[in-house]
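Have a look at structure_11.cif below; it lists mmCIF, C-alpha atoms.
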```cif
data_data
loop_
_atom_site.label_atom_id
_atom_site.label_comp_id
_atom_site.auth_asym_id
_atom_site.auth_seq_id
_atom_site.Cartn_x
_atom_site.Cartn_y
_atom_site.Cartn_z
CA MET H 1 0.00 0.00 0.00
CA LYS H 2 1.12 3.51 -0.73
CA ILE H 3 1.56 6.05 2.08
CA THR H 4 2.37 9.74 1.63
CA VAL H 5 4.39 11.37 4.40
CA LYS H 6 4.52 15.14 4.75
CA ALA H 7 7.04 16.75 7.09
CA PHE H 8 6.68 20.23 8.51
CA ALA H 9 8.76 22.86 10.30
CA MET H 10 11.97 21.55 11.90
CA PHE H 11 11.38 17.99 10.67
CA ARG H 12 12.22 19.40 7.26
CA GLU H 13 15.73 20.05 8.52
CA VAL H 14 16.38 16.30 8.81
CA MET H 15 14.10 14.75 6.18
CA ASP H 16 12.39 15.39 2.86
CA VAL H 17 9.38 17.71 2.78
CA GLN H 18 7.33 14.89 1.24
CA ILE H 19 7.99 11.24 0.51
CA GLU H 20 5.89 8.36 -0.76
CA LEU H 21 6.54 4.92 0.67
CA GLU H 22 5.23 1.40 0.06
CA PHE H 23 4.32 -0.88 2.96
CA PRO H 24 2.81 -4.36 3.18
CA ALA H 25 -0.74 -4.62 4.49
CA GLY H 26 -0.93 -4.57 8.27
CA ALA H 27 1.79 -1.95 8.76
CA ALA H 28 1.34 0.60 11.52
CA VAL H 29 2.68 4.08 12.22
CA ARG H 30 5.52 2.41 14.16
CA THR H 31 6.59 0.60 10.96
CA LEU H 32 6.56 3.88 9.09
CA LEU H 33 8.70 5.65 11.69
CA THR H 34 11.19 2.76 11.74
CA ASN H 35 11.49 3.13 7.99
CA LEU H 36 11.94 6.91 8.22
CA THR H 37 14.48 6.87 11.05
CA ALA H 38 16.55 4.29 9.14
CA ARG H 39 16.31 6.45 6.02
CA TYR H 40 17.21 9.81 7.58
CA ASP H 41 20.20 10.38 9.86
CA GLY H 42 19.32 12.41 12.91
CA LEU H 43 15.56 11.92 12.66
CA SER H 44 15.45 9.42 15.50
CA GLU H 45 17.04 11.91 17.92
CA VAL H 46 14.61 14.61 16.87
CA MET H 47 11.50 12.42 17.20
CA PHE H 48 12.10 10.06 20.10
CA ALA H 49 12.80 10.86 23.77
CA ALA H 50 13.39 7.11 24.37
CA PRO H 51 12.73 4.00 22.30
CA ASP H 52 8.99 3.90 21.65
CA THR H 53 8.43 7.28 23.32
CA LEU H 54 7.86 10.22 21.03
CA ARG H 55 8.97 13.66 22.15
CA ASP H 56 6.05 15.73 23.37
CA PHE H 57 6.14 18.05 20.36
CA VAL H 58 5.84 15.27 17.81
CA ASN H 59 2.31 15.32 16.45
CA ILE H 60 1.35 12.77 13.84
CA LEU H 61 -1.86 13.20 11.91
CA LYS H 62 -3.35 10.35 9.89
CA ASN H 63 -5.58 11.98 7.28
CA GLY H 64 -5.98 14.89 9.70
CA ARG H 65 -6.68 12.93 12.89
CA ASN H 66 -4.07 12.84 15.63
CA ILE H 67 -2.84 9.29 16.26
CA HIS H 68 -2.86 10.15 19.98
CA PHE H 69 -6.63 9.61 19.80
CA ILE H 70 -6.43 6.52 17.56
CA ALA H 71 -3.90 3.94 18.74
CA GLY H 72 -0.66 5.90 19.05
CA LEU H 73 2.29 4.19 17.35
CA ASP H 74 0.09 1.13 16.80
CA THR H 75 -2.31 3.13 14.62
CA PRO H 76 -2.81 1.01 11.50
CA LEU H 77 -1.95 2.41 8.09
CA ASP H 78 -4.30 2.15 5.14
CA ASN H 79 -3.60 2.47 1.45
CA GLY H 80 -3.59 6.10 0.37
CA ASP H 81 -3.09 7.53 3.87
CA ILE H 82 -1.52 10.93 4.21
CA ILE H 83 0.62 11.07 7.32
CA ALA H 84 1.62 14.56 8.52
CA LEU H 85 4.51 14.94 10.94
CA PHE H 86 4.28 18.27 12.63
CA PRO H 87 5.99 19.87 15.59
CA PRO H 88 3.68 22.72 16.62
CA ALA H 89 5.15 26.13 17.15
CA ALA H 90 4.34 27.41 20.63
CA GLY H 91 5.57 31.02 20.72
CA GLY H 92 3.67 34.21 20.23
CA MET L 1 -11.26 62.37 21.37
CA PRO L 2 -9.94 65.64 19.85
CA GLU L 3 -12.72 67.92 18.66
CA ASP L 4 -11.23 68.32 15.22
CA PHE L 5 -11.68 64.64 14.40
CA ASP L 6 -14.30 64.22 11.73
CA MET L 7 -16.56 61.29 12.58
CA SER L 8 -19.05 61.99 9.85
CA ALA L 9 -20.25 59.14 7.69
CA GLU L 10 -18.48 60.71 4.71
CA SER L 11 -15.17 60.75 6.54
CA LEU L 12 -15.54 57.15 7.68
CA ASP L 13 -16.44 56.11 4.17
CA ALA L 14 -13.27 57.80 2.96
CA ARG L 15 -11.17 56.15 5.62
CA TYR L 16 -12.34 52.66 4.73
CA MET L 17 -13.02 53.31 1.04
CA ARG L 18 -10.38 50.90 -0.24
CA GLN L 19 -11.70 47.95 1.75
CA ILE L 20 -15.41 48.71 1.39
CA HIS L 21 -14.84 47.49 -2.17
CA LEU L 22 -14.27 44.06 -0.62
CA PHE L 23 -17.31 43.67 1.61
CA GLY L 24 -19.48 46.74 1.22
CA LYS L 25 -20.65 49.30 3.77
CA GLU L 26 -22.60 46.52 5.45
CA GLY L 27 -19.36 44.62 6.02
CA GLN L 28 -17.71 47.75 7.39
CA LYS L 29 -20.61 48.21 9.78
CA LYS L 30 -20.19 44.62 10.95
CA LEU L 31 -16.53 45.31 11.66
CA ARG L 32 -17.45 48.40 13.67
CA ASN L 33 -19.95 46.36 15.70
CA ALA L 34 -17.55 43.45 16.26
CA ARG L 35 -16.08 42.68 19.68
CA ILE L 36 -12.73 40.90 19.63
CA LEU L 37 -10.56 39.43 22.36
CA ILE L 38 -6.83 39.46 21.64
CA ALA L 39 -5.30 37.11 24.19
CA GLY L 40 -1.68 38.19 24.58
CA ALA L 41 -0.09 41.47 23.53
CA GLY L 42 3.20 40.09 22.25
CA GLY L 43 4.42 39.54 18.69
CA LEU L 44 1.24 37.91 17.39
CA GLY L 45 -1.04 40.18 19.43
CA SER L 46 0.77 43.23 18.02
CA ALA L 47 0.18 42.27 14.40
CA ILE L 48 -3.41 41.26 15.08
CA ALA L 49 -4.21 44.46 17.00
CA MET L 50 -2.68 46.81 14.44
CA TYR L 51 -4.45 45.25 11.47
CA LEU L 52 -7.83 44.90 13.18
CA ALA L 53 -7.63 48.49 14.44
CA ALA L 54 -6.68 49.70 10.96
CA ALA L 55 -9.60 47.75 9.49
CA GLY L 56 -12.01 49.48 11.87
CA VAL L 57 -12.96 46.72 14.32
CA GLY L 58 -15.06 48.57 16.89
CA TYR L 59 -14.06 46.91 20.14
CA ILE L 60 -10.77 45.26 21.05
CA ARG L 61 -10.20 43.71 24.45
CA ILE L 62 -6.48 43.08 24.76
CA VAL L 63 -5.13 41.05 27.67
CA ASP L 64 -1.56 40.69 28.92
CA GLU L 65 0.05 40.97 32.34
CA ASP L 66 3.59 41.86 31.28
CA VAL L 67 5.54 45.09 30.99
CA VAL L 68 7.42 46.07 27.84
CA GLU L 69 11.04 44.89 27.79
CA THR L 70 13.88 45.74 25.43
CA SER L 71 13.94 42.18 24.09
CA ASN L 72 10.30 42.54 22.96
CA LEU L 73 11.09 45.23 20.42
CA ASN L 74 12.36 42.87 17.68
CA ARG L 75 8.80 41.77 17.07
CA GLN L 76 6.17 43.50 19.19
CA ILE L 77 5.30 46.38 16.90
CA LEU L 78 2.73 47.86 19.29
CA TYR L 79 5.60 49.28 21.38
CA ARG L 80 8.23 51.98 21.07
CA GLU L 81 11.52 52.39 22.92
CA THR L 82 9.82 54.93 25.18
CA ASP L 83 7.35 52.23 26.32
CA ILE L 84 10.03 50.09 27.99
CA GLY L 85 8.93 49.45 31.57
CA SER L 86 5.30 50.37 30.86
CA CYS L 87 2.38 48.01 31.20
CA LYS L 88 1.97 46.39 27.78
CA VAL L 89 -1.77 46.75 27.40
CA GLU L 90 -1.71 50.45 28.35
CA ALA L 91 1.02 51.11 25.79
CA ALA L 92 -0.96 49.01 23.30
CA GLU L 93 -4.06 51.11 23.88
CA LYS L 94 -2.08 54.30 23.15
CA THR L 95 -0.69 52.87 19.90
CA ILE L 96 -4.06 51.56 18.76
CA HIS L 97 -5.68 54.93 19.46
CA ALA L 98 -2.90 56.77 17.64
CA LEU L 99 -3.80 54.66 14.61
CA ASN L 100 -7.57 54.70 15.00
CA ARG L 101 -9.22 56.66 17.79
CA ASP L 102 -12.57 55.17 16.84
CA VAL L 103 -11.64 51.76 18.28
CA GLU L 104 -12.85 51.11 21.81
CA VAL L 105 -9.96 49.43 23.63
CA ASP L 106 -10.45 47.45 26.81
CA ALA L 107 -6.88 47.09 28.11
CA VAL L 108 -6.77 44.31 30.71
CA CYS L 109 -3.54 43.75 32.63
CA ARG L 110 -4.27 40.28 33.93
CA HIS L 111 -2.93 36.73 33.86
CA ILE L 112 -5.05 34.39 31.76
CA ASN L 113 -5.91 31.36 33.87
CA GLU L 114 -8.92 29.15 34.56
CA LYS L 115 -10.22 31.66 37.09
CA SER L 116 -9.92 34.81 34.99
CA VAL L 117 -10.83 33.41 31.57
CA GLY L 118 -14.61 33.43 32.12
CA ASN L 119 -14.69 37.21 32.52
CA LEU L 120 -12.16 37.76 29.76
CA VAL L 121 -14.24 36.01 27.08
CA GLN L 122 -17.50 37.58 28.24
CA GLY L 123 -19.32 39.37 25.45
CA VAL L 124 -16.79 38.85 22.66
CA ASP L 125 -17.49 37.44 19.21
CA MET L 126 -14.11 35.81 18.70
CA ILE L 127 -10.94 34.91 20.57
CA LEU L 128 -7.64 35.54 18.79
CA ASP L 129 -4.59 33.65 19.96
CA GLY L 130 -1.59 35.80 20.80
CA MET L 131 -0.31 33.55 23.59
CA ASP L 132 3.22 32.24 24.00
CA ASN L 133 2.35 28.99 25.77
CA PHE L 134 0.01 26.04 25.37
CA ALA L 135 -1.22 25.99 28.98
CA ALA L 136 -3.02 29.29 28.34
CA ARG L 137 -4.10 28.20 24.85
CA TYR L 138 -5.83 25.11 26.26
CA ILE L 139 -7.65 27.35 28.77
CA LEU L 140 -8.83 29.62 25.94
CA ASN L 141 -9.79 26.56 23.88
CA ARG L 142 -12.00 25.28 26.71
CA ALA L 143 -13.52 28.71 27.28
CA GLY L 144 -14.31 29.00 23.57
CA LEU L 145 -15.99 25.58 23.61
CA ASP L 146 -17.96 26.41 26.76
CA GLU L 147 -19.20 29.73 25.40
CA LYS L 148 -19.37 28.62 21.74
CA ILE L 149 -16.97 31.36 20.67
CA PRO L 150 -14.67 30.78 17.68
CA PHE L 151 -10.99 30.59 18.61
CA ILE L 152 -8.41 31.50 16.01
CA HIS L 153 -5.23 29.65 16.92
CA GLY L 154 -1.84 30.87 15.83
CA ALA L 155 1.69 30.20 17.06
CA VAL L 156 5.24 30.84 15.89
CA ASN L 157 8.67 29.30 16.28
CA GLY L 158 11.55 30.89 14.41
CA PHE L 159 10.61 31.13 10.74
CA TYR L 160 7.83 28.55 11.21
CA GLY L 161 4.26 29.03 12.30
CA GLN L 162 0.80 27.52 12.20
CA VAL L 163 -2.71 28.92 12.15
CA THR L 164 -6.27 27.60 12.00
CA THR L 165 -9.79 28.78 12.75
CA LEU L 166 -11.50 26.63 15.36
CA ILE L 167 -15.28 26.87 15.54
CA PRO L 168 -17.15 24.93 18.26
CA GLY L 169 -19.41 22.30 16.74
CA VAL L 170 -17.98 22.84 13.25
CA THR L 171 -14.26 22.08 13.42
CA PRO L 172 -11.87 20.15 15.64
CA CYS L 173 -10.75 21.96 18.78
CA LEU L 174 -7.13 22.77 19.63
CA ARG L 175 -6.82 19.64 21.81
CA CYS L 176 -7.98 17.39 18.94
CA ILE L 177 -5.01 18.36 16.81
CA ILE L 178 -2.39 19.10 19.48
CA PRO L 179 -3.29 16.93 22.49
CA THR L 180 -0.24 17.58 24.66
CA THR L 181 1.84 20.63 25.46
CA PRO L 182 4.83 20.85 23.13
CA THR L 183 7.96 21.92 24.98
CA TRP L 184 10.93 23.47 23.28
CA GLU L 185 14.46 23.86 24.60
CA LYS L 186 14.93 27.06 22.68
CA ASN L 187 12.17 29.13 21.20
CA ALA L 188 13.65 31.55 18.71
CA ILE L 189 11.31 34.24 17.53
CA ILE L 190 11.45 36.96 14.90
CA GLY L 191 8.97 39.70 14.09
CA VAL L 192 8.33 38.79 10.48
CA THR L 193 6.90 35.39 11.40
CA CYS L 194 4.64 37.01 14.00
CA GLY L 195 3.58 39.41 11.25
CA ALA L 196 2.79 36.59 8.81
CA ILE L 197 0.81 34.46 11.27
CA GLY L 198 -0.81 37.37 13.13
CA SER L 199 -1.88 38.83 9.82
CA ILE L 200 -3.52 35.55 8.80
CA GLU L 201 -5.31 35.43 12.16
CA ALA L 202 -6.59 38.97 11.58
CA THR L 203 -7.64 37.99 8.04
CA GLU L 204 -9.67 35.11 9.47
CA ALA L 205 -11.35 37.47 11.94
CA ILE L 206 -12.25 39.95 9.19
CA LYS L 207 -13.62 37.18 6.96
CA TYR L 208 -15.64 35.71 9.82
CA ILE L 209 -17.11 39.07 10.82
CA THR L 210 -17.94 40.25 7.32
CA GLY L 211 -18.95 36.84 5.95
CA THR L 212 -16.36 37.12 3.19
CA GLY L 213 -14.48 34.27 1.54
CA GLU L 214 -13.77 30.85 2.97
CA LEU L 215 -12.49 30.39 6.50
CA LEU L 216 -9.41 28.38 7.37
CA LYS L 217 -11.60 25.79 9.07
CA ASN L 218 -10.90 22.08 9.24
CA ARG L 219 -7.49 22.96 7.84
CA LEU L 220 -4.24 23.78 9.55
CA LEU L 221 -2.03 26.19 7.67
CA LEU L 222 1.66 25.58 8.27
CA TRP L 223 3.90 28.47 7.34
CA ASP L 224 7.52 27.86 6.39
CA GLY L 225 9.24 31.21 6.09
CA LEU L 226 12.63 29.56 5.52
CA ARG L 227 11.43 28.10 2.24
CA GLY L 228 8.82 30.74 1.46
CA GLU L 229 6.13 28.08 1.43
CA SER L 230 2.87 27.37 3.14
CA GLU L 231 0.62 24.35 3.01
CA SER L 232 -2.74 23.76 4.61
CA ILE L 233 -3.50 20.21 5.66
CA GLN L 234 -6.83 18.66 6.52
CA ILE L 235 -7.62 18.34 10.23
CA VAL L 236 -10.52 16.38 11.68
CA ASN L 237 -12.07 16.20 15.10
CA SER L 238 -11.34 13.33 17.45
CA PRO L 239 -14.46 11.87 19.09
CA GLU L 240 -12.17 10.82 21.96
CA CYS L 241 -10.88 14.36 22.51
CA THR L 242 -10.96 15.21 26.20
CA ASP L 243 -11.88 18.85 25.56
CA CYS L 244 -14.58 18.80 22.88
CA GLY L 245 -15.45 15.12 22.62
CA PHE L 246 -17.23 14.79 25.95
CA SER L 247 -19.53 16.83 28.07
CA GLU L 248 -18.96 16.60 31.83
CA SER L 249 -22.68 16.50 32.52
CA GLU L 250 -23.29 13.92 29.82
CA PRO L 251 -20.14 11.82 29.68
CA ASP L 252 -21.64 9.50 27.08
CA ALA L 253 -22.63 12.29 24.71
CA ARG L 254 -20.47 14.39 22.49
CA ARG L 255 -20.36 18.02 23.50
CA PHE L 256 -21.34 19.04 20.00
CA SER L 257 -22.92 17.26 17.12
CA LEU L 258 -20.57 17.37 14.18
#
```
Kindly transcribe the structure held in the file into structure tokens.
Amino acid sequence: MKITVKAFAMFREVMDVQIELEFPAGAAVRTLLTNLTARYDGLSEVMFAAPDTLRDFVNILKNGRNIHFIAGLDTPLDNGDIIALFPPAAGG
Amino acid sequence: MPEDFDMSAESLDARYMRQIHLFGKEGQKKLRNARILIAGAGGLGSAIAMYLAAAGVGYIRIVDEDVVETSNLNRQILYRETDIGSCKVEAAEKTIHALNRDVEVDAVCRHINEKSVGNLVQGVDMILDGMDNFAARYILNRAGLDEKIPFIHGAVNGFYGQVTTLIPGVTPCLRCIIPTTPTWEKNAIIGVTCGAIGSIEATEAIKYITGTGELLKNRLLLWDGLRGESESIQIVNSPECTDCGFSESEPDARRFSL
């Protein structure tokens, strides 16, 4: 299945702005992040506070819905999904 | 107000002539009757306040508890060097009135917390986000949901920023899309990004008030000043959201039908 990943803000400093990836059926967001962190040097440090623990500013939207409210890293991927990786700005 | 100021209809028409082309005299009247809360008088709040005052919004309540510091001047265009040490909202009121004496300014020097927020959102049509932290943004988000007041969220970090218009019952709430407080080790900030994001927030307010165009709803606009690019991505509500998904009195029912 084909998944489109879009990276925003500081994630763009360590990875491509957009990338399309193929995964076998049954893959989850965790699979996707394993693929991305293997692909891009430095991404793992930016995204993870500890293995399996995302930093608090890492927001991942699956077709616009935050995976926090789905199943976290176990959120299943579906063909055609758009996954947005976005670290929200907080200043004003 | 100085006696020589001409408040005649002709003079007001002349003042707003260039924008009346966009939404008519009716739209201009709606702006004059609008009541806006600007939460935070920093970089974002400065851009929002200046553009809404220039556009002729009739009532601006601006809330901040800080005094003007030298390090604010790289981005907070409401203030001048002579304002250093002054209460921000009082200095803001002076600047807004120097631009447009017709705007009623309610300058509130107060901390925004769960206790104060109820009074602060009382009687306003919209809440505009000029905060510098998510704790306060979540409080405003809840207050907007409780009172069914649209909340225009904006935030900046360096050359990056994000903005979206959150309407209770129509769009996701802030908690749906950003469930936990993002913490940053360093939060660089430059005026131009505040200008870009604050200006989009003010645009949303003007569109909402005058009924012009299409709001930035159910979309999150992410601004990338480093690349000169912006993209708006779809956002959807989360039925499990702890802020808008449940009502305390009816835990099994959604707070709003969507």
Given the file above and the PyMOL selection byres ((chain H) within 9 of (chain L)), which residues are selected, and can you give them as a PyMOL selection string? chain H and resi 8-10+55-61+63-66+68-70+84+86-92
Expand the PyMOL selection byres ((chain H and resi 44-49) around 12) into the explicit residue set it covers here, and present it as a ChimeraX atom specification. /H:7,10-15,30,33-43,50-60,73,85-87 /L:184
Just checking: using all atoms listed in the file, which residue out of L:Leu145, L:Ala136, L:Leu216, L:Ala14 ends up closest to Lys115 of chain L?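 So, comparing all the options, the nearest one is L:Ala136.
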With the file shown as input, list the residues that the PyMOL selection byres ((chain L and resi 88-95) around 10) selects, as a ChimeraX atom specification. /L:40-42,45-46,49-50,53,60-69,76-80,82-87,96-101,103-110
Just give me the gap between atom CA of Leu31 of chain L and atom CA of Asn72 of chain L in Å, one decimal is fine. 29.2 Å
Atom CA of Met17 of chain L and atom CA of Ile209 of chain L are how many Å apart?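 Going from atom CA of Met17 of chain L over to atom CA of Ile209 of chain L, I get 17.8 Å.
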Please measure the separation of atom CA of Ile167 of chain L and atom CA of Ile200 of chain L, giving the value in Å to one decimal. 16.1 Å
Emit as AutoDock Vina command-line options the padded axis-aligned box for all listed atoms of segment 5-20 of chain L, 5 Å per side, with centre and edge lengths in Å to one decimal.
```
--center_x -15.3 --center_y 56.3 --center_z 7.1 --size_x 19.9 --size_y 26.7 --size_z 24.6
```
Which one of H:Asp16, H:Leu21, H:Lys62, H:Ile82 sits closest to Lys2 of chain H if you count all atoms listed in the file?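 Comparing H:Asp16, H:Leu21, H:Lys62, H:Ile82 against Lys2 of chain H, the winner is H:Leu21.
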Working from the structure I just supplied, which lacks atoms in segment 14-35 of chain H, can you model N, CA and C atoms there and output them as an mmCIF file, keeping the file's coordinate frame?
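Okay, out.cif is ready:
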```
data_model
loop_
_atom_site.group_PDB
_atom_site.id
_atom_site.type_symbol
_atom_site.label_atom_id
_atom_site.label_comp_id
_atom_site.auth_asym_id
_atom_site.auth_seq_id
_atom_site.Cartn_x
_atom_site.Cartn_y
_atom_site.Cartn_z
ATOM 1 N N VAL H 14 15.734 17.615 8.790
ATOM 2 C CA VAL H 14 16.380 16.300 8.810
ATOM 3 C C VAL H 14 15.771 15.302 7.825
ATOM 4 N N MET H 15 14.708 15.685 7.148
ATOM 5 C CA MET H 15 14.100 14.750 6.180
ATOM 6 C C MET H 15 13.481 15.508 5.017
ATOM 7 N N ASP H 16 13.029 14.756 4.010
ATOM 8 C CA ASP H 16 12.390 15.390 2.860
ATOM 9 C C ASP H 16 11.050 16.013 3.266
ATOM 10 N N VAL H 17 10.671 17.049 2.529
ATOM 11 C CA VAL H 17 9.380 17.710 2.780
ATOM 12 C C VAL H 17 8.226 16.726 2.540
ATOM 13 N N GLN H 18 8.374 15.882 1.531
ATOM 14 C CA GLN H 18 7.330 14.890 1.240
ATOM 15 C C GLN H 18 7.974 13.650 0.644
ATOM 16 N N ILE H 19 7.462 12.498 1.047
ATOM 17 C CA ILE H 19 7.990 11.240 0.510
ATOM 18 C C ILE H 19 6.849 10.223 0.422
ATOM 19 N N GLU H 20 6.896 9.411 -0.631
ATOM 20 C CA GLU H 20 5.890 8.360 -0.760
ATOM 21 C C GLU H 20 6.561 7.018 -0.528
ATOM 22 N N LEU H 21 5.948 6.194 0.295
ATOM 23 C CA LEU H 21 6.540 4.920 0.670
ATOM 24 C C LEU H 21 5.533 3.792 0.465
ATOM 25 N N GLU H 22 6.075 2.600 0.220
ATOM 26 C CA GLU H 22 5.230 1.400 0.060
ATOM 27 C C GLU H 22 5.385 0.528 1.305
ATOM 28 N N PHE H 23 4.270 0.032 1.812
ATOM 29 C CA PHE H 23 4.320 -0.880 2.960
ATOM 30 C C PHE H 23 3.397 -2.067 2.692
ATOM 31 N N PRO H 24 3.738 -3.220 3.294
ATOM 32 C CA PRO H 24 2.810 -4.360 3.180
ATOM 33 C C PRO H 24 1.573 -4.104 4.034
ATOM 34 N N ALA H 25 0.483 -4.758 3.695
ATOM 35 C CA ALA H 25 -0.740 -4.620 4.490
ATOM 36 C C ALA H 25 -0.443 -4.969 5.944
ATOM 37 N N GLY H 26 -1.123 -4.279 6.850
ATOM 38 C CA GLY H 26 -0.930 -4.570 8.270
ATOM 39 C C GLY H 26 0.101 -3.679 8.941
ATOM 40 N N ALA H 27 0.783 -2.837 8.159
ATOM 41 C CA ALA H 27 1.790 -1.950 8.760
ATOM 42 C C ALA H 27 1.119 -0.882 9.615
ATOM 43 N N ALA H 28 1.854 -0.430 10.611
ATOM 44 C CA ALA H 28 1.340 0.600 11.520
ATOM 45 C C ALA H 28 2.258 1.809 11.469
ATOM 46 N N VAL H 29 1.868 2.867 12.177
ATOM 47 C CA VAL H 29 2.680 4.080 12.220
ATOM 48 C C VAL H 29 4.104 3.759 12.711
ATOM 49 N N ARG H 30 4.214 2.824 13.648
ATOM 50 C CA ARG H 30 5.520 2.410 14.160
ATOM 51 C C ARG H 30 6.428 1.916 13.014
ATOM 52 N N THR H 31 5.845 1.125 12.113
ATOM 53 C CA THR H 31 6.590 0.600 10.960
ATOM 54 C C THR H 31 7.099 1.764 10.101
ATOM 55 N N LEU H 32 6.218 2.713 9.909
ATOM 56 C CA LEU H 32 6.560 3.880 9.090
ATOM 57 C C LEU H 32 7.714 4.660 9.725
ATOM 58 N N LEU H 33 7.646 4.872 11.038
ATOM 59 C CA LEU H 33 8.700 5.650 11.690
ATOM 60 C C LEU H 33 10.024 4.887 11.700
ATOM 61 N N THR H 34 9.959 3.570 11.811
ATOM 62 C CA THR H 34 11.190 2.760 11.740
ATOM 63 C C THR H 34 11.836 2.929 10.375
ATOM 64 N N ASN H 35 11.003 2.914 9.352
ATOM 65 C CA ASN H 35 11.490 3.130 7.990
ATOM 66 C C ASN H 35 12.138 4.517 7.870
#
```
